[in-house]
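To keep things clear, I will list the structure first and then write my remarks on it.
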Amino acid sequence: MKRYCVSACLLGVPCRWKGDAKPCEAVQRLADAPDVELVPFCPELAADLGCPRPPIELVREAPGAPVRVLRVDRQGDATDALRAACEAEADELARTGGVDAFILKSRSPSCGLSSPLHDPSGRETGTAPGLWAALARERFPAASFRDETDPLA
Ligand code: SF4
């Protein structure tokens with residue numbers, strides 16, 4: 001049995017910041033595969049950011065500074081709450097048998113494998129992995145990482 005951890009919004013869970021989902025047919029089809037267990041996870045819901053919630057983005061506040069996850073309106077910093085929620089999920093996944101693959105929502109500041117990175121003014125300056133994508137890669141280096149543009153068949 002393969003075990004895939006999937007961004008919950010790709011499975012139709014209405015957990016995005018606007019309160020909607022982003023269902024992906026190819027990902028949803030995996031739910032019917034007899035040899036696959038899907039583990040849905042939404043880092044932003046797990047971090048109690050609410051739903052709907054103010055949008056967040058990846059920000060590097062100064063050259064060389066660590067990437068943080070800030071509200072687009074700069075009225076809050078979700079980094080620590082997200083990191084705690086993601087560490088807890090990684091611990092749980094490891095405890096319950098590990099993960100063969102992650103299928104993550106592209107461009108999300110939490111889930112994206114390569115998401116827009118901003119300066120403090122909100123200007124896009126490049127790309128960086130979302131917080132969950134980065135942490136999951138560290139914790140599960142042998143797993144495969146995909147997004148909904150290239151899900152596992
Ligand atoms: S992209 Fe990730 S954090 Fe955003 S709604 Fe989907 S599962 Fe949640």
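Chain labels run A, B, ... following the order of the structure tokens; each chain numbers its residues from 1, and ligands are numbered from 1 in the order shown.
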List every residue of chain A that has an atom at most 8 Å from any atom of ligand 1, giving for each one its closest atom pair and the distance in Å to one decimal, counting only C-alpha atoms and all ligand atoms, sorted by chain and then by ascending residue number, as JSON lines.
{"residue": "A:Val6", "atom": "CA", "partner": "ligand 1", "partner_atom_place_in_ligand_line": "7 (S)", "distance": 7.5}
{"residue": "A:Ser7", "atom": "CA", "partner": "ligand 1", "partner_atom_place_in_ligand_line": "7 (S)", "distance": 3.9}
{"residue": "A:Ala8", "atom": "CA", "partner": "ligand 1", "partner_atom_place_in_ligand_line": "7 (S)", "distance": 4.4}
{"residue": "A:Cys9", "atom": "CA", "partner": "ligand 1", "partner_atom_place_in_ligand_line": "6 (Fe)", "distance": 4.3}
{"residue": "A:Leu10", "atom": "CA", "partner": "ligand 1", "partner_atom_place_in_ligand_line": "6 (Fe)", "distance": 6.7}
{"residue": "A:Pro14", "atom": "CA", "partner": "ligand 1", "partner_atom_place_in_ligand_line": "5 (S)", "distance": 7.5}
{"residue": "A:Cys15", "atom": "CA", "partner": "ligand 1", "partner_atom_place_in_ligand_line": "5 (S)", "distance": 4.7}
{"residue": "A:Arg16", "atom": "CA", "partner": "ligand 1", "partner_atom_place_in_ligand_line": "5 (S)", "distance": 3.6}
{"residue": "A:Trp17", "atom": "CA", "partner": "ligand 1", "partner_atom_place_in_ligand_line": "5 (S)", "distance": 6.4}
{"residue": "A:Ala21", "atom": "CA", "partner": "ligand 1", "partner_atom_place_in_ligand_line": "5 (S)", "distance": 7.1}
{"residue": "A:Lys22", "atom": "CA", "partner": "ligand 1", "partner_atom_place_in_ligand_line": "6 (Fe)", "distance": 7.4}
{"residue": "A:Pro40", "atom": "CA", "partner": "ligand 1", "partner_atom_place_in_ligand_line": "7 (S)", "distance": 7.8}
{"residue": "A:Phe41", "atom": "CA", "partner": "ligand 1", "partner_atom_place_in_ligand_line": "7 (S)", "distance": 5.9}
{"residue": "A:Cys42", "atom": "CA", "partner": "ligand 1", "partner_atom_place_in_ligand_line": "7 (S)", "distance": 3.7}
{"residue": "A:Pro43", "atom": "CA", "partner": "ligand 1", "partner_atom_place_in_ligand_line": "3 (S)", "distance": 4.8}
{"residue": "A:Glu44", "atom": "CA", "partner": "ligand 1", "partner_atom_place_in_ligand_line": "3 (S)", "distance": 4.6}
{"residue": "A:Leu45", "atom": "CA", "partner": "ligand 1", "partner_atom_place_in_ligand_line": "8 (Fe)", "distance": 6.4}
{"residue": "A:Leu104", "atom": "CA", "partner": "ligand 1", "partner_atom_place_in_ligand_line": "2 (Fe)", "distance": 7.0}
{"residue": "A:Lys105", "atom": "CA", "partner": "ligand 1", "partner_atom_place_in_ligand_line": "1 (S)", "distance": 4.7}
{"residue": "A:Ser106", "atom": "CA", "partner": "ligand 1", "partner_atom_place_in_ligand_line": "1 (S)", "distance": 7.2}
{"residue": "A:Arg107", "atom": "CA", "partner": "ligand 1", "partner_atom_place_in_ligand_line": "1 (S)", "distance": 7.8}
{"residue": "A:Ser108", "atom": "CA", "partner": "ligand 1", "partner_atom_place_in_ligand_line": "1 (S)", "distance": 5.0}
{"residue": "A:Pro109", "atom": "CA", "partner": "ligand 1", "partner_atom_place_in_ligand_line": "3 (S)", "distance": 7.4}
{"residue": "A:Ser110", "atom": "CA", "partner": "ligand 1", "partner_atom_place_in_ligand_line": "3 (S)", "distance": 5.2}
{"residue": "A:Cys111", "atom": "CA", "partner": "ligand 1", "partner_atom_place_in_ligand_line": "2 (Fe)", "distance": 4.6}
{"residue": "A:Gly112", "atom": "CA", "partner": "ligand 1", "partner_atom_place_in_ligand_line": "1 (S)", "distance": 7.0}
Can you tell me, as a list of chain:residue names, what residues are no more than 10 Å from segment 75-81 of chain A when counting only C-alpha atoms, ignoring any on the same chain fewer than 3 positions away?
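With the cut-off at 10 Å, the set is A:Pro43, A:Glu44, A:Ala46, A:Ala47, A:Asp48, A:Leu49, A:Pro54, A:Ile56, A:Glu57, A:Leu58, A:Val67, A:Arg68, A:Val69, A:Leu70, A:Arg71, A:Val72, A:Ala84, A:Ala85, A:Cys86, A:Ser110, A:Leu131.
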Can I get the selected residues back with N, CA and C atoms, as a PDB file, in the first residue's frame?
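Ended up saving to again.pdb:
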ATOM      1  N   PRO A  43      -2.283  22.771   5.955  1.00  0.00           N
ATOM      2  CA  PRO A  43      -1.473  23.408   6.996  1.00  0.00           C
ATOM      3  C   PRO A  43      -2.133  24.654   7.577  1.00  0.00           C
ATOM      4  N   GLU A  44      -2.808  25.435   6.747  1.00  0.00           N
ATOM      5  CA  GLU A  44      -3.355  26.711   7.233  1.00  0.00           C
ATOM      6  C   GLU A  44      -4.557  26.483   8.145  1.00  0.00           C
ATOM      7  N   ALA A  46      -4.850  23.685   9.931  1.00  0.00           N
ATOM      8  CA  ALA A  46      -4.238  23.060  11.112  1.00  0.00           C
ATOM      9  C   ALA A  46      -3.591  24.113  12.011  1.00  0.00           C
ATOM     10  N   ALA A  47      -3.162  25.218  11.409  1.00  0.00           N
ATOM     11  CA  ALA A  47      -2.544  26.298  12.190  1.00  0.00           C
ATOM     12  C   ALA A  47      -3.594  27.255  12.749  1.00  0.00           C
ATOM     13  N   ASP A  48      -4.872  26.918  12.581  1.00  0.00           N
ATOM     14  CA  ASP A  48      -5.968  27.746  13.117  1.00  0.00           C
ATOM     15  C   ASP A  48      -5.982  29.147  12.531  1.00  0.00           C
ATOM     16  N   LEU A  49      -5.675  29.250  11.242  1.00  0.00           N
ATOM     17  CA  LEU A  49      -5.716  30.576  10.615  1.00  0.00           C
ATOM     18  C   LEU A  49      -7.135  30.966  10.203  1.00  0.00           C
ATOM     19  N   PRO A  54      -7.562  35.909   6.059  1.00  0.00           N
ATOM     20  CA  PRO A  54      -6.798  36.871   5.258  1.00  0.00           C
ATOM     21  C   PRO A  54      -5.707  36.143   4.480  1.00  0.00           C
ATOM     22  N   ILE A  56      -2.151  35.134   2.830  1.00  0.00           N
ATOM     23  CA  ILE A  56      -0.762  35.219   3.301  1.00  0.00           C
ATOM     24  C   ILE A  56       0.180  35.002   2.120  1.00  0.00           C
ATOM     25  N   GLU A  57       1.432  35.387   2.306  1.00  0.00           N
ATOM     26  CA  GLU A  57       2.422  35.206   1.239  1.00  0.00           C
ATOM     27  C   GLU A  57       3.809  35.034   1.851  1.00  0.00           C
ATOM     28  N   LEU A  58       4.710  34.485   1.044  1.00  0.00           N
ATOM     29  CA  LEU A  58       6.100  34.319   1.470  1.00  0.00           C
ATOM     30  C   LEU A  58       6.826  35.650   1.331  1.00  0.00           C
ATOM     31  N   VAL A  67      12.953  33.220   5.183  1.00  0.00           N
ATOM     32  CA  VAL A  67      11.638  33.485   4.584  1.00  0.00           C
ATOM     33  C   VAL A  67      10.565  33.334   5.659  1.00  0.00           C
ATOM     34  N   ARG A  68       9.648  34.286   5.730  1.00  0.00           N
ATOM     35  CA  ARG A  68       8.533  34.199   6.670  1.00  0.00           C
ATOM     36  C   ARG A  68       7.231  34.175   5.891  1.00  0.00           C
ATOM     37  N   VAL A  69       6.151  33.835   6.590  1.00  0.00           N
ATOM     38  CA  VAL A  69       4.830  33.787   5.966  1.00  0.00           C
ATOM     39  C   VAL A  69       3.985  34.876   6.629  1.00  0.00           C
ATOM     40  N   LEU A  70       3.773  35.960   5.903  1.00  0.00           N
ATOM     41  CA  LEU A  70       3.085  37.130   6.463  1.00  0.00           C
ATOM     42  C   LEU A  70       1.740  37.335   5.784  1.00  0.00           C
ATOM     43  N   ARG A  71       0.820  37.951   6.500  1.00  0.00           N
ATOM     44  CA  ARG A  71      -0.416  38.370   5.867  1.00  0.00           C
ATOM     45  C   ARG A  71      -0.103  39.384   4.775  1.00  0.00           C
ATOM     46  N   VAL A  72      -0.852  39.293   3.686  1.00  0.00           N
ATOM     47  CA  VAL A  72      -0.627  40.219   2.576  1.00  0.00           C
ATOM     48  C   VAL A  72      -0.810  41.657   3.042  1.00  0.00           C
ATOM     49  N   ALA A  84       4.568  25.145  13.626  1.00  0.00           N
ATOM     50  CA  ALA A  84       4.166  24.220  14.690  1.00  0.00           C
ATOM     51  C   ALA A  84       3.169  23.190  14.153  1.00  0.00           C
ATOM     52  N   ALA A  85       2.208  23.638  13.346  1.00  0.00           N
ATOM     53  CA  ALA A  85       1.206  22.714  12.794  1.00  0.00           C
ATOM     54  C   ALA A  85       1.868  21.707  11.844  1.00  0.00           C
ATOM     55  N   CYS A  86       2.816  22.174  11.062  1.00  0.00           N
ATOM     56  CA  CYS A  86       3.478  21.296  10.091  1.00  0.00           C
ATOM     57  C   CYS A  86       4.408  20.300  10.796  1.00  0.00           C
ATOM     58  N   SER A 110       2.049  27.926   1.693  1.00  0.00           N
ATOM     59  CA  SER A 110       2.219  26.804   2.613  1.00  0.00           C
ATOM     60  C   SER A 110       2.614  25.533   1.860  1.00  0.00           C
ATOM     61  N   LEU A 131       6.051  26.783   3.225  1.00  0.00           N
ATOM     62  CA  LEU A 131       6.589  26.320   4.510  1.00  0.00           C
ATOM     63  C   LEU A 131       6.401  24.813   4.685  1.00  0.00           C
TER      64      LEU A 131
END
What's around Glu25 of chain A at 10 Å? Count only C-alpha atoms, leave out sequence neighbours fewer than 6 positions away in its own chain, and write the answer as a PDB file with C-alpha atoms, in the first residue's frame.
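Wrote part39.pdb, looks like this:
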ATOM      1  CA  LEU A  10      -7.063  19.349  -4.125  1.00  0.00           C
ATOM      2  CA  LEU A  11      -9.406  16.682  -2.783  1.00  0.00           C
ATOM      3  CA  GLY A  12     -12.316  19.124  -2.682  1.00  0.00           C
ATOM      4  CA  GLU A 148      -1.494  19.050  -9.139  1.00  0.00           C
TER       5      GLU A 148
END
Which of chain A fall in strand (DSSP E), as a count of residues only:
39
Grab the atom CA of Thr127 of chain A to atom CA of Thr149 of chain A distance for me, in Å with one decimal place.
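Result for atom CA of Thr127 of chain A versus atom CA of Thr149 of chain A: 17.1 Å, one decimal.
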Can you list, as JSON, numbers by chain, all residues belonging to chain A that DSSP tags as alpha helix (DSSP H)?
{"A": [25, 26, 27, 28, 29, 43, 44, 45, 46, 79, 80, 81, 82, 83, 84, 85, 86, 87, 88, 89, 90, 91, 92, 93, 94, 95, 131, 132, 133, 134, 135, 136, 137, 138, 139]}
File of the preceding selection, N, CA and C atoms, as a compact mmCIF listing (two decimals), in the first residue's frame:
# COMPACT_ATOMS: atom_id res chain seq x y z
N GLU A 25 -9.18 16.65 -10.57
CA GLU A 25 -9.75 15.34 -10.93
C GLU A 25 -8.72 14.22 -10.83
N ALA A 26 -7.52 14.47 -11.33
CA ALA A 26 -6.49 13.43 -11.34
C ALA A 26 -6.12 13.02 -9.91
N VAL A 27 -6.08 14.01 -9.02
CA VAL A 27 -5.76 13.70 -7.63
C VAL A 27 -6.93 12.97 -6.97
N GLN A 28 -8.14 13.44 -7.25
CA GLN A 28 -9.32 12.80 -6.64
C GLN A 28 -9.47 11.35 -7.09
N ARG A 29 -9.05 11.05 -8.33
CA ARG A 29 -9.13 9.67 -8.83
C ARG A 29 -8.28 8.72 -8.00
N PRO A 43 -2.28 22.77 5.96
CA PRO A 43 -1.47 23.41 7.00
C PRO A 43 -2.13 24.65 7.58
N GLU A 44 -2.81 25.43 6.75
CA GLU A 44 -3.35 26.71 7.23
C GLU A 44 -4.56 26.48 8.15
N LEU A 45 -5.35 25.45 7.86
CA LEU A 45 -6.44 25.11 8.79
C LEU A 45 -5.86 24.54 10.08
N ALA A 46 -4.85 23.68 9.93
CA ALA A 46 -4.24 23.06 11.11
C ALA A 46 -3.59 24.11 12.01
N THR A 79 4.05 32.56 10.50
CA THR A 79 5.17 31.62 10.37
C THR A 79 5.20 30.60 11.51
N ASP A 80 5.17 31.10 12.74
CA ASP A 80 5.37 30.19 13.87
C ASP A 80 4.20 29.22 14.02
N ALA A 81 2.97 29.72 13.83
CA ALA A 81 1.80 28.85 13.94
C ALA A 81 1.82 27.78 12.85
N LEU A 82 2.19 28.19 11.64
CA LEU A 82 2.26 27.22 10.54
C LEU A 82 3.35 26.18 10.80
N ARG A 83 4.50 26.66 11.27
CA ARG A 83 5.60 25.71 11.50
C ARG A 83 5.21 24.69 12.56
N ALA A 84 4.57 25.14 13.63
CA ALA A 84 4.17 24.22 14.69
C ALA A 84 3.17 23.19 14.15
N ALA A 85 2.21 23.64 13.35
CA ALA A 85 1.21 22.71 12.79
C ALA A 85 1.87 21.71 11.84
N CYS A 86 2.82 22.17 11.06
CA CYS A 86 3.48 21.30 10.09
C CYS A 86 4.41 20.30 10.80
N GLU A 87 5.10 20.75 11.83
CA GLU A 87 5.95 19.82 12.60
C GLU A 87 5.08 18.73 13.22
N ALA A 88 3.93 19.12 13.76
CA ALA A 88 3.04 18.14 14.38
C ALA A 88 2.54 17.13 13.35
N GLU A 89 2.20 17.61 12.15
CA GLU A 89 1.73 16.68 11.10
C GLU A 89 2.87 15.76 10.66
N ALA A 90 4.07 16.31 10.51
CA ALA A 90 5.21 15.48 10.11
C ALA A 90 5.47 14.40 11.17
N ASP A 91 5.39 14.79 12.43
CA ASP A 91 5.57 13.79 13.51
C ASP A 91 4.53 12.69 13.39
N GLU A 92 3.28 13.09 13.15
CA GLU A 92 2.20 12.12 13.07
C GLU A 92 2.37 11.20 11.86
N LEU A 93 2.76 11.77 10.73
CA LEU A 93 2.99 10.95 9.53
C LEU A 93 4.12 9.95 9.77
N ALA A 94 5.18 10.42 10.41
CA ALA A 94 6.32 9.54 10.67
C ALA A 94 5.90 8.42 11.64
N ARG A 95 5.13 8.80 12.63
CA ARG A 95 4.71 7.83 13.66
C ARG A 95 3.80 6.76 13.10
N LEU A 131 6.05 26.78 3.22
CA LEU A 131 6.59 26.32 4.51
C LEU A 131 6.40 24.81 4.68
N TRP A 132 5.21 24.30 4.37
CA TRP A 132 4.97 22.86 4.50
C TRP A 132 5.81 22.07 3.50
N ALA A 133 5.91 22.55 2.29
CA ALA A 133 6.70 21.84 1.27
C ALA A 133 8.15 21.74 1.72
N ALA A 134 8.70 22.83 2.26
CA ALA A 134 10.10 22.83 2.68
C ALA A 134 10.30 21.89 3.87
N LEU A 135 9.41 21.97 4.82
CA LEU A 135 9.56 21.14 6.02
C LEU A 135 9.37 19.65 5.69
N ALA A 136 8.41 19.35 4.82
CA ALA A 136 8.16 17.95 4.45
C ALA A 136 9.36 17.37 3.71
N ARG A 137 10.00 18.17 2.87
CA ARG A 137 11.19 17.69 2.16
C ARG A 137 12.32 17.35 3.14
N GLU A 138 12.44 18.19 4.16
CA GLU A 138 13.47 17.93 5.17
C GLU A 138 13.18 16.66 5.94
N ARG A 139 11.91 16.50 6.31
CA ARG A 139 11.55 15.38 7.18
C ARG A 139 11.41 14.06 6.43
I need the residue nearest Gly126 of chain A from this list: A:Val13, A:Leu152, A:Arg146, A:Val59. Use only C-alpha atoms for the distance.
A:Val59
Let me make sure I understand: among A:Pro52, A:Ser115, A:Ser121, A:Val39, which one has the smallest atom-to-atom distance to Asp20 of chain A if we use only C-alpha atoms?
A:Pro52
Using only C-alpha atoms, which residues sit within 12 Å of Ala142 of chain A once same-chain residues fewer than 5 positions away are excluded, as a PyMOL selection string?
chain A and resi 98-102+136-137
